[in-house]
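Enquirer: I am sharing upload-v1.txt, which consists of compact mmCIF, C-alpha atoms:
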```txt
# COMPACT_ATOMS: atom_id res chain seq x y z
CA MET A 1 122.12 94.05 75.42
CA THR A 2 120.37 92.66 78.38
CA ARG A 3 120.43 94.77 81.48
CA ALA A 4 121.10 92.20 84.07
CA GLY A 5 119.39 92.95 87.34
CA ASP A 6 116.80 95.16 85.70
CA GLY A 7 114.14 93.31 87.57
CA HIS A 8 113.06 90.52 85.34
CA GLU A 9 114.87 90.21 82.08
CA SER A 10 117.88 88.17 82.80
CA PRO A 11 116.49 85.55 85.13
CA HIS A 12 113.26 85.19 83.22
CA ASP A 13 115.00 84.90 79.91
CA ARG A 14 116.22 81.62 81.23
CA ARG A 15 112.80 80.43 82.36
CA SER A 16 111.79 77.08 81.00
CA ASP A 17 108.44 76.88 79.26
CA ASP A 18 108.22 73.17 79.72
CA PRO A 19 109.51 72.34 83.17
CA GLY A 20 109.27 68.57 83.01
CA PRO A 21 110.36 66.24 85.71
CA ALA A 22 113.98 67.27 85.45
CA ASP A 23 113.14 70.94 85.89
CA THR A 24 110.95 70.44 88.90
CA GLY A 25 113.83 68.80 90.64
CA PRO A 26 115.19 71.80 92.55
CA ALA A 27 112.12 72.08 94.72
CA ASP A 28 112.20 68.42 95.65
CA THR A 29 115.87 67.72 95.95
CA GLY A 30 117.64 66.87 99.10
CA PRO A 31 121.04 67.85 100.44
CA LEU A 32 123.78 68.67 98.01
CA ASP A 33 127.06 67.03 97.33
CA ASP A 34 129.37 69.90 96.51
CA ARG A 35 132.32 67.63 95.92
CA ARG A 36 131.08 66.49 92.54
CA PRO A 37 130.15 68.78 89.68
CA ALA A 38 126.84 68.11 88.00
CA ALA A 39 128.30 67.56 84.57
CA SER A 40 130.34 64.58 85.63
CA ALA A 41 127.42 62.72 87.20
CA PRO A 42 124.04 63.30 85.56
CA ASP A 43 122.08 61.57 88.31
CA ALA A 44 123.81 63.40 91.12
CA GLU A 45 122.57 66.59 92.69
CA PRO A 46 123.85 69.62 90.82
CA ALA A 47 126.45 71.71 92.55
CA GLU A 48 125.34 75.06 93.87
CA THR A 49 127.24 78.27 93.36
CA GLU A 50 126.33 81.74 94.46
CA PRO A 51 124.68 83.42 91.46
CA ASP A 52 125.38 86.87 90.13
CA PRO A 53 124.16 89.34 92.79
CA ARG A 54 122.15 91.14 90.14
CA PHE A 55 120.06 88.02 89.58
CA THR A 56 119.54 87.60 93.31
CA LEU A 57 118.48 91.22 93.64
CA ALA A 58 116.12 90.92 90.68
CA ASN A 59 114.61 87.83 92.26
CA GLU A 60 114.17 89.70 95.51
CA ARG A 61 112.51 92.64 93.78
CA THR A 62 110.12 90.28 92.03
CA PHE A 63 109.22 88.79 95.40
CA LEU A 64 108.62 92.26 96.82
CA ALA A 65 106.46 93.19 93.82
CA TRP A 66 104.30 90.12 94.38
CA SER A 67 104.09 90.96 98.08
CA ARG A 68 102.85 94.44 97.23
CA THR A 69 100.34 92.91 94.85
CA ALA A 70 99.15 90.71 97.69
CA LEU A 71 98.82 93.77 99.93
CA ALA A 72 96.86 95.56 97.22
CA LEU A 73 94.48 92.62 96.98
CA VAL A 74 93.96 92.70 100.73
CA ALA A 75 93.30 96.43 100.61
CA ALA A 76 90.90 96.02 97.69
CA GLY A 77 88.97 93.28 99.46
CA LEU A 78 88.79 95.29 102.65
CA GLY A 79 87.68 98.36 100.73
CA ILE A 80 84.94 96.45 98.95
CA VAL A 81 83.56 95.08 102.20
CA GLN A 82 83.87 98.26 104.22
CA LEU A 83 83.44 101.12 101.79
CA LEU A 84 80.99 99.98 99.14
CA PRO A 85 77.31 100.60 99.85
CA PRO A 86 75.33 97.38 100.28
CA PHE A 87 73.83 95.78 97.20
CA PRO A 88 70.01 95.93 97.39
CA GLY A 89 68.62 92.41 97.42
CA VAL A 90 72.03 90.78 97.88
CA PRO A 91 72.87 91.26 101.56
CA ALA A 92 76.13 89.32 101.43
CA GLY A 93 77.20 90.72 98.09
CA ARG A 94 80.09 92.78 99.41
CA HIS A 95 81.51 89.85 101.37
CA VAL A 96 81.15 87.46 98.43
CA VAL A 97 83.25 89.80 96.33
CA GLY A 98 85.70 91.12 98.90
CA VAL A 99 86.59 88.17 101.09
CA PRO A 100 88.07 86.04 98.24
CA LEU A 101 90.39 88.93 97.40
CA ILE A 102 91.66 89.03 100.97
CA VAL A 103 92.18 85.28 101.02
CA LEU A 104 93.96 85.46 97.66
CA GLY A 105 96.26 88.11 99.11
CA ALA A 106 97.34 85.76 101.89
CA VAL A 107 97.80 82.84 99.49
CA MET A 108 99.74 85.00 97.08
CA ALA A 109 102.16 86.17 99.75
CA VAL A 110 103.04 82.58 100.65
CA ALA A 111 103.23 81.53 97.00
CA ALA A 112 105.54 84.45 96.25
CA TYR A 113 107.94 83.31 98.95
CA VAL A 114 107.91 79.72 97.70
CA ASP A 115 108.40 80.92 94.15
CA MET A 116 111.28 83.13 95.15
CA MET A 117 113.08 80.33 96.95
CA ARG A 118 112.59 77.97 94.02
CA ASN A 119 113.95 80.58 91.63
CA GLN A 120 116.92 81.25 93.86
CA ARG A 121 117.71 77.56 94.05
CA ALA A 122 117.51 77.28 90.27
CA LEU A 123 119.82 80.25 89.91
CA ARG A 124 122.32 78.68 92.29
CA ARG A 125 122.25 75.49 90.25
CA ASN A 126 122.44 77.32 86.93
CA GLN A 127 119.21 75.69 85.84
CA PRO A 128 116.22 77.18 83.98
CA LEU A 129 113.81 78.95 86.26
CA PRO A 130 110.72 76.91 87.13
CA ARG A 131 107.42 78.11 85.81
CA SER A 132 105.57 80.32 88.24
CA VAL A 133 101.97 79.62 89.15
CA LEU A 134 101.40 83.15 90.44
CA PRO A 135 100.33 84.89 87.21
CA ARG A 136 97.77 82.20 86.45
CA LEU A 137 96.54 82.20 90.04
CA LEU A 138 96.13 85.95 89.98
CA ALA A 139 94.42 86.00 86.59
CA ALA A 140 92.06 83.15 87.45
CA THR A 141 91.04 84.63 90.79
CA ILE A 142 90.54 88.14 89.48
CA GLY A 143 88.52 86.73 86.57
CA GLY A 144 86.41 84.71 88.99
CA VAL A 145 85.87 87.60 91.36
CA ALA A 146 84.96 89.88 88.44
CA THR A 147 82.41 87.34 87.25
CA VAL A 148 80.92 87.03 90.72
CA ALA A 149 80.83 90.80 91.03
CA ALA A 150 78.99 91.08 87.73
CA VAL A 151 76.44 88.51 88.88
CA VAL A 152 75.96 90.32 92.18
CA VAL A 153 75.45 93.63 90.40
CA LEU A 154 72.93 92.09 88.00
CA LEU A 155 71.04 90.39 90.83
CA SER A 156 71.01 93.65 92.72
CA ALA A 157 69.73 95.55 89.70
CA THR A 158 66.89 93.11 89.07
CA SER A 159 65.74 92.98 92.67
CA MET B 1 134.65 110.69 78.70
CA SER B 2 131.72 108.36 78.42
CA ALA B 3 132.85 106.07 81.18
CA ASN B 4 130.33 105.58 83.94
CA PRO B 5 132.00 106.44 87.23
CA ARG B 6 129.69 104.03 89.05
CA PRO B 7 129.92 100.32 88.55
CA PRO B 8 126.74 99.07 86.91
CA VAL B 9 126.10 96.66 89.75
CA ILE B 10 125.17 99.52 92.09
CA ASP B 11 121.93 100.23 90.29
CA PRO B 12 120.25 96.89 91.07
CA ALA B 13 121.10 97.35 94.74
CA ASN B 14 119.55 100.80 94.78
CA ARG B 15 116.49 99.59 92.92
CA THR B 16 116.09 96.79 95.41
CA ARG B 17 116.35 99.24 98.29
CA LEU B 18 113.65 101.35 96.67
CA ALA B 19 111.51 98.25 96.27
CA TRP B 20 111.84 97.60 99.99
CA THR B 21 110.90 101.21 100.65
CA ARG B 22 107.81 100.92 98.47
CA THR B 23 106.84 97.76 100.29
CA ALA B 24 107.21 99.46 103.67
CA VAL B 25 105.17 102.43 102.47
CA ALA B 26 102.48 100.07 101.19
CA PHE B 27 102.30 98.40 104.59
CA ALA B 28 102.07 101.74 106.34
CA ALA B 29 99.41 103.01 103.94
CA LEU B 30 97.28 99.94 104.44
CA GLY B 31 97.75 100.23 108.19
CA GLY B 32 96.67 103.86 108.08
CA ALA B 33 93.59 102.98 106.06
CA MET B 34 92.71 100.16 108.43
CA LEU B 35 93.18 102.50 111.36
CA LYS B 36 90.07 104.33 110.21
CA LEU B 37 88.04 101.13 110.02
CA SER B 38 89.40 99.27 113.00
CA PRO B 39 91.89 101.04 115.27
CA VAL B 40 93.30 97.86 116.80
CA ALA B 41 93.86 96.06 113.50
CA GLY B 42 95.23 99.21 111.92
CA LEU B 43 97.65 99.71 114.77
CA VAL B 44 98.83 96.12 114.41
CA VAL B 45 99.49 96.62 110.72
CA LEU B 46 101.27 99.90 111.35
CA VAL B 47 103.51 98.27 113.93
CA LEU B 48 104.22 95.40 111.55
CA SER B 49 105.40 97.87 108.93
CA LEU B 50 108.23 98.94 111.20
CA PRO B 51 110.34 95.76 110.76
CA ILE B 52 109.94 96.10 107.01
CA TRP B 53 111.21 99.64 107.25
CA ALA B 54 114.08 98.45 109.40
CA VAL B 55 115.11 96.01 106.69
CA THR B 56 115.07 98.88 104.23
CA SER B 57 117.21 101.16 106.30
CA ARG B 58 119.83 98.51 107.00
CA ARG B 59 120.47 97.67 103.37
CA HIS B 60 123.22 99.69 101.79
CA GLY B 61 124.98 98.82 98.56
CA LEU B 62 125.88 95.47 97.23
CA GLY B 63 127.44 94.34 100.47
CA ALA B 64 123.96 93.52 101.67
CA ALA B 65 123.01 92.15 98.29
CA ALA B 66 120.82 89.25 99.24
CA ALA B 67 118.29 89.59 101.99
CA SER B 68 118.33 86.62 104.28
CA PRO B 69 115.45 84.15 103.95
CA ARG B 70 114.47 85.09 107.48
CA ARG B 71 113.75 88.67 106.40
CA LEU B 72 111.82 87.50 103.37
CA ARG B 73 109.81 85.17 105.60
CA LEU B 74 109.12 88.17 107.81
CA VAL B 75 107.57 90.00 104.86
CA THR B 76 105.51 86.95 103.94
CA ALA B 77 104.34 86.42 107.50
CA THR B 78 103.46 90.09 107.81
CA VAL B 79 101.33 90.03 104.68
CA VAL B 80 99.56 86.92 105.95
CA VAL B 81 98.93 88.54 109.35
CA VAL B 82 97.64 91.67 107.63
CA ALA B 83 95.34 89.56 105.47
CA PHE B 84 94.08 87.75 108.55
CA ALA B 85 93.43 91.03 110.34
CA ALA B 86 91.66 92.35 107.25
CA LEU B 87 89.56 89.22 107.13
CA LEU B 88 88.51 89.70 110.73
CA VAL B 89 87.66 93.34 110.08
CA ALA B 90 85.76 92.42 106.92
CA ILE B 91 83.69 89.74 108.61
CA PHE B 92 83.22 91.06 112.13
CA GLY B 93 84.19 94.69 111.88
CA HIS B 94 82.29 97.90 111.65
CA SER B 95 80.64 98.05 108.27
CA PRO B 96 79.04 101.39 107.43
CA ASP B 97 76.17 101.45 105.02
CA SER B 98 77.74 104.13 102.89
CA LEU B 99 80.98 105.95 102.36
CA GLY B 100 79.34 109.11 103.65
CA GLN B 101 78.52 107.43 106.93
CA LEU B 102 82.09 106.20 107.17
CA LEU B 103 83.49 109.68 106.58
CA ARG B 104 81.10 111.15 109.10
CA GLY B 105 82.43 108.64 111.60
CA ARG B 106 79.28 106.67 112.16
```
How does the structure come out when it is put into structure tokens?

Expert:
Amino acid sequence: MTRAGDGHESPHDRRSDDPGPADTGPADTGPLDDRRPAASAPDAEPAETEPDPRFTLANERTFLAWSRTALALVAAGLGIVQLLPPFPGVPAGRHVVGVPLIVLGAVMAVAAYVDMMRNQRALRRNQPLPRSVLPRLLAATIGGVATVAAVVVLLSATS
Amino acid sequence: MSANPRPPVIDPANRTRLAWTRTAVAFAALGGAMLKLSPVAGLVVLVLSLPIWAVTSRRHGLGAAAASPRRLRLVTATVVVVAFAALLVAIFGHSPDSLGQLLRGR
């Protein structure tokens, strides 16, 4: 049994793996025509209804979790720049590693908001949730920063 | 006997309130940490955590189920402002050579 509102399960069970042009519609659509249901007119804008509050709350918690992740990235970047001892031979090493994390934190906060609004719109229209770019963005940036950090450490060790 | 006296829909509301609380605590913790590095930036972050806390304290039960987009934008804007302040501190701020120097208050 799915525990609706548990945070992720119910809304994400409905996430589409292949969003296609039809699934990207909610973010690009204009004003709604509530007088016509979507089923009767395939080309018309789908009608919006208020979703189950548990889904809305789960969506909100997901947004807050991403916001905390963004804050953690900012704190990590700040800690790297301010607390780490300087790398011998690589004067800007701390900034090269830490500043991208801070920038990613800001980008992630905005992306989380956009993602949350897109998900909420999809829930209102009873459509599959659009694919989120946030996990890939986070993984790619952390992987990149880790690679840069490894290079900085190696350069520092050889100097 | 086994009936749950609470409707199951209460739990998501409580969990969401806790999530808001965690977010407010995270803001305050980061503000406190920044206070050590840069008092002005840290104070700004600490002050910005107050509206987040206010959102938390106003939400009770399912009646306030969905936070308004304005409140969510407030969280987003606050994180962006915090990131900007952190960026300024990281680039222009006091940067001790070691953790020991930082703790000694160099």

Enquirer: Hey, list the chain A side of the contact with chain B: 7 Å cut-off, only C-alpha atoms, answer as a list in words.

Expert: Gly5, Asp6, Pro53, Arg54, Thr56, Leu57, Arg61, Leu64, Arg68, Leu71, Val74, Ala75, Leu78, Val81, Gln82, Leu83, Leu84, Pro85, Pro86, Val99, Ile102, Val103, Gly105, Ala106, Ala109, Val110 and Tyr113 of chain A

Enquirer: Need to verify the contact set: range 149-156 of chain A, 7 Å, all atoms listed in the file, exclusion of same-chain residues closer than 5 positions in sequence. Can you return it as a ChimeraX atom specification?

Expert: /A:87-90,93,97

Enquirer: Could you check how far CA of Leu104 in chain A sits from CA of Ile52 in chain B, in Å to one decimal?

Expert: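 According to the coordinates, CA of Leu104 in chain A and CA of Ile52 in chain B are separated by 21.4 Å.
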
Enquirer: Extract, using all atoms listed in the file, all DNA, RNA and protein residues at most 8 Å from Val145 in chain A, discarding same-chain residues fewer than 2 positions from it, and format them as a list of chain:residue names.

Expert: A:Val97, A:Pro100, A:Leu101, A:Thr141, A:Ile142, A:Gly143, A:Thr147, A:Val148, A:Ala149

Enquirer: Between B:Ala41, B:Phe92, B:Ser68, B:Leu35, which one has atoms that come closest to Val55 in chain B, using all atoms listed in the file?

Expert: B:Ser68

Enquirer: Quick one: distance from CA of Leu74 in chain B to CA of Asn119 in chain A in Å, one decimal?

Expert: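 Between CA of Leu74 in chain B and CA of Asn119 in chain A the gap is 18.5 Å.
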
Enquirer: Figure out the distance between CA of Ala76 in chain A and CA of Val40 in chain B, please, to one decimal in Å.

Expert: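 The value is 19.3 Å.
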
Enquirer: When distances are computed from only C-alpha atoms, which of A:Leu138, A:Met117, A:Val133, A:Ala157 shows the smallest separation from Glu60 in chain A?

Expert: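 The closest residue to Glu60 in chain A is A:Met117.
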
Enquirer: Considering all atoms listed in the file, can you say which of A:Val114, A:Thr69, A:Phe63, A:Arg121 comes closest to Pro51 in chain A?

Expert: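 Counting all atoms listed in the file, the residue closest to Pro51 in chain A is A:Arg121.
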
Enquirer: Measuring between all atoms listed in the file, which one of A:Ala111, A:Ala72, A:Pro46, A:Arg118 shows the shortest distance to Pro135 in chain A?

Expert: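 Using all atoms listed in the file, Pro135 in chain A sits closest to A:Ala111.
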